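Structure below is structure-v4.csv: CSV, C-alpha atoms.
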```
chain,number,residue,atom,x,y,z
A,1,MET,CA,-0.3,25.2,-49.1
A,2,GLY,CA,-1.9,22.0,-50.2
A,3,ALA,CA,-3.9,21.8,-53.4
A,4,VAL,CA,-6.5,19.5,-54.9
A,5,GLY,CA,-6.7,19.2,-58.7
A,6,GLU,CA,-4.2,18.3,-61.3
A,7,CYS,CA,-1.6,17.7,-58.7
A,8,GLY,CA,-3.7,15.0,-57.1
A,9,ALA,CA,-5.8,14.9,-54.0
A,10,GLY,CA,-3.7,15.3,-50.8
A,11,ARG,CA,-0.4,15.6,-52.7
A,12,SER,CA,2.2,17.9,-51.1
A,13,VAL,CA,3.3,20.9,-53.3
A,14,GLY,CA,5.4,24.0,-53.0
A,15,GLY,CA,7.3,23.3,-49.8
A,16,GLU,CA,4.2,22.3,-47.7
A,17,ASP,CA,6.3,19.9,-45.6
A,18,GLU,CA,8.7,22.7,-44.6
A,19,GLN,CA,5.7,25.0,-43.7
A,20,LEU,CA,4.1,22.3,-41.6
A,21,ALA,CA,7.3,21.7,-39.7
A,22,LEU,CA,7.6,25.4,-38.9
A,23,LEU,CA,4.0,25.5,-37.8
A,24,ARG,CA,4.5,22.5,-35.5
A,25,ALA,CA,7.6,24.1,-34.0
A,26,SER,CA,5.9,27.4,-33.3
A,27,THR,CA,3.0,25.7,-31.5
A,28,ARG,CA,4.9,23.1,-29.6
A,29,ARG,CA,4.4,23.7,-25.9
A,30,ARG,CA,7.3,23.9,-23.5
A,31,ALA,CA,7.5,21.3,-20.9
A,32,PRO,CA,5.9,22.7,-17.7
A,33,ARG,CA,8.2,23.2,-14.8
A,34,PRO,CA,7.5,23.1,-11.0
A,35,PRO,CA,7.5,26.6,-9.3
A,36,GLU,CA,10.7,28.1,-7.8
A,37,GLY,CA,11.7,26.7,-4.5
A,38,SER,CA,10.8,23.1,-5.4
A,39,ALA,CA,12.9,20.1,-4.6
A,40,ALA,CA,16.0,19.7,-6.8
A,41,VAL,CA,15.4,16.0,-7.4
A,42,ASP,CA,11.9,14.6,-8.4
A,43,PRO,CA,10.1,17.9,-7.6
A,44,VAL,CA,6.6,16.5,-8.6
A,45,ALA,CA,4.5,14.4,-6.2
A,46,GLY,CA,1.6,12.3,-7.5
A,47,VAL,CA,-1.0,12.4,-4.7
A,48,VAL,CA,-4.2,10.3,-4.2
A,49,LEU,CA,-6.7,12.5,-2.3
A,50,ASP,CA,-8.9,11.3,0.6
A,51,VAL,CA,-12.1,12.4,-1.1
A,52,PRO,CA,-15.1,10.1,-1.8
A,53,LEU,CA,-16.1,11.6,-5.2
A,54,PRO,CA,-15.7,9.1,-8.1
A,55,HIS,CA,-14.6,11.7,-10.6
A,56,LEU,CA,-11.7,12.6,-8.4
A,57,ASP,CA,-10.5,9.1,-8.0
A,58,ARG,CA,-7.1,9.6,-9.8
A,59,VAL,CA,-3.7,11.0,-9.1
A,60,PHE,CA,-3.1,14.7,-8.9
A,61,ASP,CA,0.3,16.4,-9.3
A,62,TYR,CA,1.7,18.8,-6.7
A,63,ALA,CA,5.0,20.5,-6.4
A,64,VAL,CA,7.3,19.3,-3.6
A,65,PRO,CA,8.9,22.2,-1.7
A,66,GLU,CA,12.6,21.9,-1.0
A,67,SER,CA,11.8,21.8,2.7
A,68,ALA,CA,9.8,18.7,2.2
A,69,ALA,CA,12.1,16.9,-0.3
A,70,ASP,CA,13.2,14.2,2.2
A,71,ALA,CA,9.9,13.8,4.0
A,72,ALA,CA,7.5,13.5,1.0
A,73,VAL,CA,8.3,9.9,0.2
A,74,PRO,CA,6.0,7.6,-1.6
A,75,GLY,CA,3.5,6.3,0.9
A,76,ALA,CA,3.6,9.4,3.2
A,77,ARG,CA,0.5,11.2,4.4
A,78,VAL,CA,0.3,14.8,3.1
A,79,ARG,CA,-2.1,17.8,3.2
A,80,VAL,CA,-2.8,19.7,0.0
A,81,ARG,CA,-4.9,22.5,-1.2
A,82,PHE,CA,-7.8,21.3,-3.4
A,83,ALA,CA,-10.9,23.2,-4.5
A,84,GLY,CA,-10.3,25.9,-1.9
A,85,ALA,CA,-10.0,23.5,1.1
A,86,ASP,CA,-7.2,21.6,2.8
A,87,VAL,CA,-7.5,17.9,1.9
A,88,GLU,CA,-5.4,15.0,3.1
A,89,GLY,CA,-4.0,12.3,0.9
A,90,TYR,CA,-1.0,10.0,0.2
A,91,VAL,CA,2.0,10.5,-2.0
A,92,VAL,CA,2.1,7.6,-4.4
A,93,GLU,CA,5.0,8.6,-6.6
A,94,ARG,CA,7.8,11.2,-7.1
A,95,ARG,CA,8.7,12.3,-10.6
A,96,ALA,CA,10.9,14.8,-12.4
A,97,THR,CA,8.2,16.2,-14.7
A,98,THR,CA,4.4,16.7,-14.9
A,99,GLU,CA,1.9,16.8,-17.8
A,100,HIS,CA,-0.1,19.5,-16.1
A,101,THR,CA,0.0,22.6,-18.2
A,102,GLY,CA,-0.5,25.2,-15.5
A,103,THR,CA,1.5,26.0,-12.4
A,104,LEU,CA,1.5,23.3,-9.8
A,105,LEU,CA,0.4,24.0,-6.3
A,106,PRO,CA,2.9,23.0,-3.6
A,107,LEU,CA,2.2,20.4,-0.9
A,108,ARG,CA,0.8,22.2,2.1
A,109,ARG,CA,2.4,19.9,4.6
A,110,VAL,CA,3.8,16.5,5.1
A,111,VAL,CA,1.7,15.1,7.9
A,112,SER,CA,4.1,12.2,8.5
A,113,ALA,CA,7.1,10.9,6.7
A,114,GLU,CA,6.1,7.4,7.7
A,115,PRO,CA,5.4,5.5,4.5
A,116,VAL,CA,2.1,3.8,5.4
A,117,LEU,CA,0.9,3.1,1.9
A,118,ASP,CA,3.0,0.8,-0.3
A,119,PRO,CA,2.4,0.1,-4.0
A,120,GLN,CA,0.9,-3.4,-3.4
A,121,VAL,CA,-1.7,-2.1,-1.0
A,122,LEU,CA,-2.6,0.8,-3.4
A,123,ALA,CA,-3.0,-1.6,-6.3
A,124,LEU,CA,-5.2,-3.9,-4.2
A,125,ALA,CA,-7.3,-0.9,-3.1
A,126,ARG,CA,-7.9,0.1,-6.7
A,127,ALA,CA,-8.8,-3.4,-7.7
A,128,VAL,CA,-11.3,-3.7,-4.8
A,129,ALA,CA,-12.8,-0.3,-5.7
A,130,ARG,CA,-13.2,-1.3,-9.3
A,131,ARG,CA,-14.8,-4.6,-8.4
A,132,TRP,CA,-17.3,-3.1,-6.0
A,133,VAL,CA,-17.9,0.2,-7.9
A,134,GLY,CA,-16.4,2.2,-5.1
A,135,THR,CA,-13.5,4.7,-4.8
A,136,THR,CA,-9.9,4.1,-3.9
A,137,ALA,CA,-10.2,6.6,-1.0
A,138,ASP,CA,-13.0,4.6,0.6
A,139,VAL,CA,-11.0,1.4,0.5
A,140,LEU,CA,-7.8,3.1,1.8
A,141,ARG,CA,-9.8,4.6,4.7
A,142,LEU,CA,-10.4,1.0,5.8
A,143,ALA,CA,-6.9,-0.4,4.9
A,144,VAL,CA,-4.8,2.3,6.6
A,145,PRO,CA,-5.7,3.1,10.2
A,146,PRO,CA,-6.0,6.8,11.3
A,147,ARG,CA,-2.6,8.2,12.4
A,148,ARG,CA,-1.7,8.5,16.0
A,149,ALA,CA,1.5,10.6,16.4
A,150,ALA,CA,2.4,9.1,19.8
A,151,VAL,CA,2.2,5.6,18.4
A,152,GLU,CA,4.7,6.4,15.7
A,153,THR,CA,7.3,7.4,18.3
A,154,GLU,CA,6.8,4.4,20.6
A,155,GLU,CA,6.9,1.9,17.8
A,156,ARG,CA,10.2,3.1,16.6
A,157,LEU,CA,11.7,1.9,19.9
A,158,GLY,CA,10.8,-1.8,19.3
A,159,PRO,CA,13.4,-3.9,17.5
A,160,PRO,CA,12.4,-6.6,15.0
A,161,LEU,CA,11.9,-10.1,16.5
A,162,GLY,CA,14.0,-13.0,15.2
A,163,PRO,CA,12.7,-16.2,13.6
A,164,LEU,CA,11.3,-19.1,15.6
A,165,PRO,CA,12.7,-22.6,15.7
A,166,LEU,CA,10.9,-25.3,13.8
A,167,PRO,CA,7.6,-26.1,15.7
A,168,ASP,CA,6.3,-29.5,16.6
A,169,PRO,CA,3.5,-30.5,14.2
A,170,GLY,CA,1.1,-30.7,17.2
A,171,PRO,CA,-2.5,-30.8,16.0
A,172,TRP,CA,-1.3,-31.6,12.4
A,173,SER,CA,-0.1,-35.0,13.5
A,174,ALA,CA,-3.7,-36.2,13.5
A,175,TYR,CA,-4.0,-35.6,9.7
A,176,VAL,CA,-2.5,-37.5,6.8
A,177,GLY,CA,0.3,-35.3,5.4
A,178,GLY,CA,-0.1,-32.8,8.2
A,179,ALA,CA,3.4,-33.1,9.5
A,180,ALA,CA,4.7,-32.7,5.9
A,181,LEU,CA,2.7,-29.6,5.5
A,182,VAL,CA,4.3,-28.0,8.5
A,183,ALA,CA,7.8,-29.1,7.5
A,184,ARG,CA,7.5,-27.8,3.9
A,185,THR,CA,6.1,-24.5,5.2
A,186,ALA,CA,9.0,-24.1,7.6
A,187,ALA,CA,11.5,-25.0,4.8
A,188,GLY,CA,10.2,-22.0,2.7
A,189,GLY,CA,8.0,-23.9,0.4
A,190,ALA,CA,4.5,-22.9,-0.7
A,191,PRO,CA,2.3,-26.0,-0.2
A,192,ARG,CA,-1.4,-25.9,-0.8
A,193,ALA,CA,-3.9,-27.9,1.2
A,194,VAL,CA,-7.6,-28.5,1.5
A,195,TRP,CA,-8.4,-29.0,5.2
A,196,THR,CA,-11.5,-30.1,7.1
A,197,ALA,CA,-10.7,-29.4,10.7
A,198,LEU,CA,-11.8,-32.1,13.2
A,199,PRO,CA,-13.3,-31.2,16.6
A,200,GLY,CA,-11.0,-31.7,19.6
A,201,PRO,CA,-9.7,-30.2,22.8
A,202,PRO,CA,-8.4,-26.7,22.7
A,203,GLU,CA,-4.8,-27.7,22.2
A,204,GLN,CA,-5.8,-29.8,19.1
A,205,ASP,CA,-8.5,-27.5,17.7
A,206,TRP,CA,-8.3,-25.5,14.5
A,207,PRO,CA,-7.0,-22.2,16.1
A,208,ALA,CA,-4.1,-24.1,17.5
A,209,ALA,CA,-3.4,-25.8,14.1
A,210,LEU,CA,-3.4,-22.4,12.4
A,211,ALA,CA,-1.0,-21.0,15.0
A,212,VAL,CA,1.4,-23.9,14.4
A,213,LEU,CA,1.4,-23.1,10.7
A,214,ALA,CA,2.1,-19.5,11.4
A,215,ALA,CA,5.0,-20.6,13.6
A,216,ALA,CA,6.3,-22.7,10.7
A,217,ALA,CA,6.2,-19.7,8.4
A,218,LEU,CA,8.2,-17.7,10.9
A,219,ALA,CA,10.7,-20.5,11.3
A,220,GLY,CA,11.2,-20.2,7.5
A,221,GLY,CA,11.8,-16.5,7.7
A,222,ARG,CA,8.4,-15.4,6.4
A,223,GLY,CA,5.2,-14.1,7.9
A,224,ALA,CA,1.6,-15.1,8.0
A,225,LEU,CA,-1.8,-13.5,7.6
A,226,LEU,CA,-4.8,-15.3,9.3
A,227,VAL,CA,-8.3,-14.1,8.3
A,228,VAL,CA,-11.3,-15.2,10.3
A,229,PRO,CA,-15.0,-14.3,9.9
A,230,ASP,CA,-16.0,-12.8,13.2
A,231,HIS,CA,-15.0,-11.4,16.6
A,232,ARG,CA,-15.3,-14.7,18.4
A,233,ASP,CA,-12.9,-16.4,16.1
A,234,VAL,CA,-10.5,-13.5,16.3
A,235,ALA,CA,-10.4,-14.0,20.1
A,236,ARG,CA,-9.7,-17.7,19.7
A,237,VAL,CA,-7.0,-17.4,17.1
A,238,ASP,CA,-5.4,-14.5,19.1
A,239,ALA,CA,-5.2,-16.7,22.2
A,240,ALA,CA,-3.8,-19.7,20.3
A,241,LEU,CA,-1.1,-17.5,18.6
A,242,GLY,CA,-0.1,-16.3,22.1
A,243,GLU,CA,0.3,-19.8,23.3
A,244,VAL,CA,2.3,-21.1,20.3
A,245,LEU,CA,4.4,-18.1,19.3
A,246,GLY,CA,4.9,-16.4,22.7
A,247,ALA,CA,4.2,-12.9,23.8
A,248,GLY,CA,4.8,-10.0,21.4
A,249,ARG,CA,5.1,-12.0,18.2
A,250,HIS,CA,1.8,-11.3,16.6
A,251,VAL,CA,-0.8,-8.6,16.4
A,252,ARG,CA,-4.5,-8.5,15.8
A,253,LEU,CA,-6.2,-6.0,13.5
A,254,THR,CA,-10.0,-5.4,14.0
A,255,ALA,CA,-12.1,-2.3,14.0
A,256,ASP,CA,-13.3,-3.1,17.5
A,257,ASP,CA,-9.8,-2.4,18.9
A,258,GLY,CA,-10.1,1.3,18.3
A,259,PRO,CA,-7.8,3.7,16.4
A,260,THR,CA,-4.8,3.7,18.7
A,261,ALA,CA,-4.6,-0.1,19.0
A,262,ARG,CA,-5.1,-0.5,15.3
A,263,ASP,CA,-2.4,2.0,14.4
A,264,ARG,CA,0.0,0.4,16.9
A,265,ALA,CA,-0.6,-3.1,15.4
A,266,PHE,CA,-0.5,-1.7,11.8
A,267,LEU,CA,2.9,0.0,12.3
A,268,ALA,CA,4.4,-3.0,14.0
A,269,LEU,CA,3.5,-5.0,10.9
A,270,ARG,CA,4.5,-2.3,8.4
A,271,ARG,CA,7.9,-1.9,9.9
A,272,GLY,CA,8.5,-5.7,10.1
A,273,ARG,CA,8.7,-5.8,13.9
A,274,VAL,CA,6.2,-8.6,13.9
A,275,ARG,CA,5.2,-10.7,10.9
A,276,VAL,CA,2.0,-12.5,12.0
```
Same coordinates, now as structure tokens:
Amino acid sequence: MGAVGECGAGRSVGGEDEQLALLRASTRRRAPRPPEGSAAVDPVAGVVLDVPLPHLDRVFDYAVPESAADAAVPGARVRVRFAGADVEGYVVERRATTEHTGTLLPLRRVVSAEPVLDPQVLALARAVARRWVGTTADVLRLAVPPRRAAVETEERLGPPLGPLPLPDPGPWSAYVGGAALVARTAAGGAPRAVWTALPGPPEQDWPAALAVLAAAALAGGRGALLVVPDHRDVARVDAALGEVLGAGRHVRLTADDGPTARDRAFLALRRGRVRV
């Protein structure tokens, strides 16, 4: 054992190093393992729960049953047992090990194997929650529409739509550099512009100009996200996109559209069937 005195304070004597090594070895914990019947590969699922309590705003580990090994993909909706109740959540990762010292509970059910939550959206939801002192679950409830099983089936039948040809500058011809903005966007560039829209007839107004830029992004093999402040502007941009892009090449996402329409539009975007 250690001694303090003539040997010097804190100096090791009499085989102390060997004894400490034996003590550490005897108290070292074994790596916890998932229960029997878990998936052979990555049997641990990290789950974000759909609960509004701030102290539960973190990832919880659950065991992945072998029967759910293929369906419990990152981004999938699941149901788990938590605090004596069934709670829904999202798988955000699959791992081989866990730091939990007890026995992991298994996932109760994979609600859908559709990966509706990707890492970028999760990171953004966490950033928004931190910024506005909320919870990740509250943000995700707005970001990911409620599931409609029938919509998942019907959307699988729709093939992705191909790119559009280079659009005519249209309304942008009235602005210095407007045609170049459209051309560079269609060529895959990332131009930036400060734009003060001029009043004009519907075919020259700002919704039509935004629709042309969206068409240019599609022509370059990319997508576009158009954000407007209110329901009236949504209706105007929606109509302009239909005129410029053609039917079925864009979707609108608003709370007023109801859960079924929102889920249909969300899945069309999530699967890449439409990109505007």
Item to check | Spatial neighbours of Pro34 (chain A), max dist 9 Å, only C-alpha atoms, sep filter under 2 positions, as number ranges by chain | outcome: A: 32, 36-39, 43-44, 62-64, 97-98, 103-106
Checklist entry - Hey, can you pull every residue with an atom no more than 9 Å from (-2.1, -20.0, 13.3), using all atoms listed in the file, and send it as a ChimeraX atom specification? => result /A:206-215,224-226,237-238,240-241,244,276
Next on the checklist: Let me make sure I understand: among A:His55, A:Arg264, A:Arg222, A:Arg249, which one has the smallest atom-to-atom distance to Ala137 (chain A) if we use only C-alpha atoms?
Outcome noted: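 Closest to Ala137 (chain A), using only C-alpha atoms: A:His55.
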Item to check | Counting all atoms listed in the file, the option among A:Val91, A:Leu253, A:Leu164, A:Leu181 closest to Pro115 (chain A) | outcome: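 Result for the nearest residue to Pro115 (chain A): A:Val91.
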Next on the checklist: One number please: CA of Asp138 (chain A) to CA of Leu117 (chain A), in Å, one decimal.
Outcome noted: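 Going from CA of Asp138 (chain A) over to CA of Leu117 (chain A) covers 14.0 Å.
Of note, CA of Gly248 (chain A) and CA of Leu161 (chain A) are spaced 8.6 Å apart.
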Checklist entry - Counting all atoms listed in the file, what is within 10 Å of Leu53 (chain A), bar same-chain residues fewer than 2 positions away, as a count of residues only? => result 11
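The nearest approach to Glu99 (chain A) among the residues A:Asp256, A:Asp61, A:Asp263, A:Glu66, with only C-alpha atoms taken into account, belongs to A:Asp61.
Between CA of Ala125 (chain A) and CA of Arg271 (chain A) there is a distance of 20.0 Å.
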Kindly provide the residues of region 123-202 of chain A that approach region 71-81 of chain A to within 12 Å, each paired with its closest atom pair and their distance in Å to one decimal, based on all atoms listed in the file, listed by chain and increasing number, as a tab-separated table.
```
residue	atom	partner	partner_atom	distance
A:Leu140	CA	A:Gly75	CA	11.8
A:Val144	CA	A:Arg77	CA	10.6
A:Pro145	CA	A:Arg77	CA	11.7
A:Pro146	CA	A:Arg77	CA	10.5
A:Arg147	CA	A:Arg77	CA	9.1
```
Checklist entry - Can you tell me, as a list in words, what residues are no more than 10 Å from Gly162 (chain A) when counting all atoms listed in the file, ignoring any on the same chain fewer than 4 positions away? => result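 These residues fall inside the cut-off: Leu218, Ala219, Gly221, Arg249, Arg273 and Val274 of chain A.
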Item to check | Best match for closeness to Asp118 (chain A) among A:Ala143, A:Val194, A:Val228, A:Ala85, counting all atoms listed in the file | outcome: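 For Asp118 (chain A), the nearest of the candidates is A:Ala143.
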Next on the checklist: I'd like to know which of A:Ala193, A:His231, A:Gly272, A:Pro165 is closest to Arg252 (chain A), using only C-alpha atoms.
Outcome noted: A:His231
Checklist entry - Restricting the calculation to only C-alpha atoms, which member of A:Glu203, A:Gly178, A:Ala150, A:Arg192 is positioned closest to Ala239 (chain A)? => result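 Of all the options, A:Glu203 lies closest to Ala239 (chain A).
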